[in-house]
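Engineer: Dropping the structure in here first, questions after.
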Amino acid sequence: MDPKGGLCANNCRRSSSLTAPGNGLQTNLSSDPPSFYGIGIESHFNEFDPPSPPIQSVLPGQSDTDIEIPDQENCPLSDSSNTSKLQDWNPSAMLNNLSFLEEKIHQLRDLVHLIVNKKCQPIGQPHELVTQEQQLITADLTSIIVQLISTAGSLLPSVRHTLTNTNPLVSQIDQLHGINLPFGPEPSSGIRPQNNSANKLFDKSTQNDLPNTCEMEQNYNMEEHEPKDEEDVDEGENLPPGSYEILQLEKEEILAPHTHFCTICGKGFKRDANLRMHMRGHGDEYKTPAALAKPHKETGSEPKLIKRYSCPYSGCKRNKDHKKFQPLKTILCVKNHYKRTHCDKSYTCSRCNTKKFSVMADLKTHEKHCGKDKWLCSCGTTFSRKDKLFGHIALFQGHTPAIPLDDTKGVTELPDPQNREISNKVGSVNFCFGSKPSSENLVPNMMDMKGNIDDPMNYFSSLNFEGCNFGAFNEFPQTPFEDAEGSFSFLMSGSFKFGGGESSSGNLQ
Amino acid sequence: MEPPNFFDLLGKDLLHAILDHLRDDPFAPKFFSQVCKSFHDLESTHRITLKPRRLDFLARAPQRYPSIIHLDLTLCPCVDDLALKALSLAWCSSLRSVDLSRSRLFSHVGLSALALNCTRLVELDLSNRPDLTDVAAKAVAEAVNLERLRLGRCKGITDLGIGCIAVRCGKLRHVGLRWCIRVTDYGAGLIAMKCKEIRSLDLSYMPITEKCLQQILQLEHLEDLILEHCLGIEDDGLATLQANCKSMKMLNLSKCRIGRVGIASLTNVAQNLEKLILSSSLVVTPVVAKCLQRFSRLQLVKLDGCLGTKSGLKAIGNSCTSLKELNLSKCVGVTDENLSFLVKTNKDLEKLDITCCRMITRESISSLTNSCLRITSLRMESCSLINREGFLFIGRCQLLEELDVTDTEIDDIGLCSISRCTKLSSLKLGICLTITDNGLKHIANSCSKLRHLDLYRSSRITDEGIVAIALGCPSLKVVNIAYNCNITDSSLAFLSKCQRLRTLEIRGCPHISPQGLSNIVAGCKHLEILDIKKCRKINDTGMVQLAQHSLNLKQIKLSYCSVTDVGLIALASISCLQYISIFHVEGLTSNGLVAFLLACQNLTKAKLHACFESLIPQQILKYMEARGCVLVWREKTSEASGYLPFGHFGPLAPASHMQEVNHM
């Protein structure tokens, strides 16, 4: 028999094994799209007998579906173990996976070769066979992608934090879908029709999934705007050197107000999506879905390196030459970091005329609350809420509430100068202060007080107060989602999702 | 040659012991110091408490008394910052306790001087200063060794001020914040968090909720917690409490809106409670009563003013068996059945208050006197269904010390039975219209320890009875014979033998003349409170006598007396006089009034007829205000006659009247 035919038969057998009931993923992808997002999934997962073996222990010789699906789907069933497993990055398992992937890609290439060769032959083949072949290729491609994702997924912290933890099942699937979207149109033209249908499937699912995506955006925002500065969020990331690509934007690039310019009129935009929207006004050719869709970068079949950013300021901890270099995650992080750390604070609060900021968003957040900080501690810290002040006082030994100064009018000097020494620093500070005949309003007085303090300790504590407030500001989402959107390579899966959400919203318009 | 001074031979320790015994009588130490020079010096150095009557004395006091520890300035309303500063410097090393609850003129400046100079200060009373603000609280906070602090009615102090005190005064043990209505959960919670030594805490009338209770109940040593009228504390909040305050012994939830759930949750929080005060707070149902069962050490329960179901009150008898004190005053639902059951199960009962329990009859008294032989206090005012036989049982309670039978059917035979209670110290017989002198004579013959006698409107009493009482009960401190028109000067002549008399009410006794008054004031040197309203015969002569003898007089009410400017101005020489009430005194002019107000240096409150307000110059009014004297102007119409038909006065009139005087 023709050895190629034998190969084909062999592949056919393999493909049939792929579509066997045990392969829930594949079945769903091709025949039953809604259940892919529904409960139907779980019933399929239940059919995997031993859910326990994690990906690391699976040998490459085994069937591909058996490898990744347990990893993808069973782990979320046990949530806590999931995170811990993912966090344990095992390089040898990774190596196994990669070599297995390589082998599979080779197989697939052979298969496609086979088909191409067959097409060269003039004998017309039954149509069904062609379709079957295409399905086979799609299935294999999909499994490769899934494998890739799961391999990479063990490394991605945000996948761990936001997606898997909040809504494990759905988010995992979103991951799949998000990955698939860019890969969809990629394979060779020979299987175009099938792929188109698959693409539609994903488009549909994208729309269906929109609320879910939004939810994840919120998650993203929450993570991004945790009390700690976002620059610090990735402190614990511990990406092994070389596992990510370091990009360093120049100062001018960072500070440039617009990064996307219209090739026709020259108008600048902060975001590419806005530019594309703008382009519609320049003619119908820019209104096609293809033009409006987010342009996809050339993504080969090899895994893409994660992108991390370096601050151009030499000597900065965020600069790649620093000994303890800590990369920045997104371009937004770079921009905010650079402005906050290395630029003048050019935005002054118009209310208090004291606080200065280098990031406009910080100023806006401050202005929302400026003047409301009426609760003062003796250490100089101000609070916008009484309970925060009392929480602070309960926490720190010796701190007392500072009495509003309007009351201290007419305070005279103490009878005995020695007495003042008896009273502690805080008390004396306030006494000195109270003795000032000023009846100005609160905030300028607070500043006076800082100036009056001789004790360096107190001075520092009043400096801390700014830091405190920064922390407080970060409680409020200072940069809404649009900014983050610009950071196109926040994460592989993450950015794809944003892209998906964006394009679908564009479609809806 | 001068004879040797034998007093010099007495040992110092002995003399100190003698002096220590002389503290009850304000004049005794004075007389002691006048014996000889060495006694004078001894008294000066030994004296640790000082209650100056006038601020002027304070200037020289530090030289004479170098080691004052307790300084009571309640008679000096005019203590200002300078005075506080001076005294704090003078006694900086000794002073430990200062009472400024009646002083009005000092500010945070004086307080901070006091706090900083007197480093050993442990007790401070700043009550009744609604104008004090957080700055004052901050000044107080400098007294870091404070253990007792009272800030009652300091309505200007907020969480911030209390926060300062809480942080700095970590040794506080007793804190009273009653009526500090601007202090909320934050301040109260912070006190609990920072002052771990707290033993007693009064948070009455404050807008607090269970949030701060959570922290307060973590205090390891807390024994007394007073939460009167804290309307923010409710069942739902109490139910969330997660605490176990084993040390708590007394809990006062009067006038709080709580119910079964709250009580049930408290049984988990404070198992060792001994005293539970629930006045006017909840409905006593069997379920509530059952909750009380879990307080195994409960000794005192106050349910006055509560609505009680009959079965609920009875159930208390089941759940509490070791009560020593029970207050069911004005508690609706008290019947013979449940009260009898209650007293049978609580045989150790010592104090029982069944005021205004109008459904009970002699049956209850019978069972009470059968089972509770240890009873020392029985208040049964207005128990109007108890007939005269009911009172015959009371004589069984030989340990009785306090008895209130105001407005009841008690008669002379009842009094005769009561006279078997030889330990009786307080007897209230107001509005007992059937008792006569004969009954009083029984009391006078056997109750020689009587200190408090109330005969308000017991209108069949005459001089004969009062004379017998005055002779038989020499320890009398408080006597009320108001509105007894048969009383004449001879009663007063004999009452003057009661040298310890502090309070005398002879209001509405028209036959009393200046002679009678002068007898009293000559004999009773300690007289502090005098009510001669509607004693129309009393004139300037009486006032002059009063001014001459009653050096301790604090309060006087002389409306409707025949006093003129002269008499009033004479009164101004009484240095202790703090309160005066003058209405419808016809001989009084505005000039006389002004002269009196200016001359009476220590006056803190005067109730005057509104017709004078416009006649007194504004400067004088301002001056009085600055001096710390409150002038209350009232529009009162004159009553044509002093004898209003009985019935215009509620049965509670005597009690409330006395309270008003005492808690001015």
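In the structure tokens, the first chain shown is A, the next is B, and so on; residue numbers restart at 1 for each chain, and ligands run from 1 in the order shown.
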Name the residues of segment 87-240 of chain B that come out as helix (DSSP H, G or I) in a backbone DSSP run; write them as a VMD selection string.
Structural biologist: chain B and resid 87 to 90 108 to 117 134 to 140 159 to 168 185 to 194 210 to 216 235 to 239
Engineer: Run DSSP on the backbone of this structure and report the residues of segment 310-419 of chain A it assigns to strand (DSSP E), as a PyMOL selection string.
Structural biologist: chain A and resi 310+347-348+356-357+375-376+382-383
Engineer: Tell me, as a list in words, which residues lie within 8 Å of segment 115-119 of chain B, counting only C-alpha atoms; anything in the same chain fewer than 2 positions away does not count.
Structural biologist: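 That gives Asn419, Ile422 and Ser423 of chain A; Ser88, Leu89, Trp91, Cys92, Ser93, Ser94, Leu95, Arg96, Leu111, Ser112, Ala113, Leu121, Ala139, Val140, Ala141, Glu142, Ala143, Val144 and Asn145 of chain B.
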Engineer: Could you tell me which residues of chain B sit within 10 Å of chain A when counting only C-alpha atoms, and give me the result as a ChimeraX atom specification?
Structural biologist: /B:82,85-86,89,107-110,112-113,115-117,119,133-139,141-144,158-168,185-187,189-191,193-194
Engineer: Pick out the residues sitting within 10 Å of segment 209-224 of chain B, and hand them over as a PyMOL selection string; count only C-alpha atoms, and ignore anything fewer than 5 positions along from it in its own chain.
Structural biologist: chain B and resi 173-174+184-202+230-252+269-270+272-275
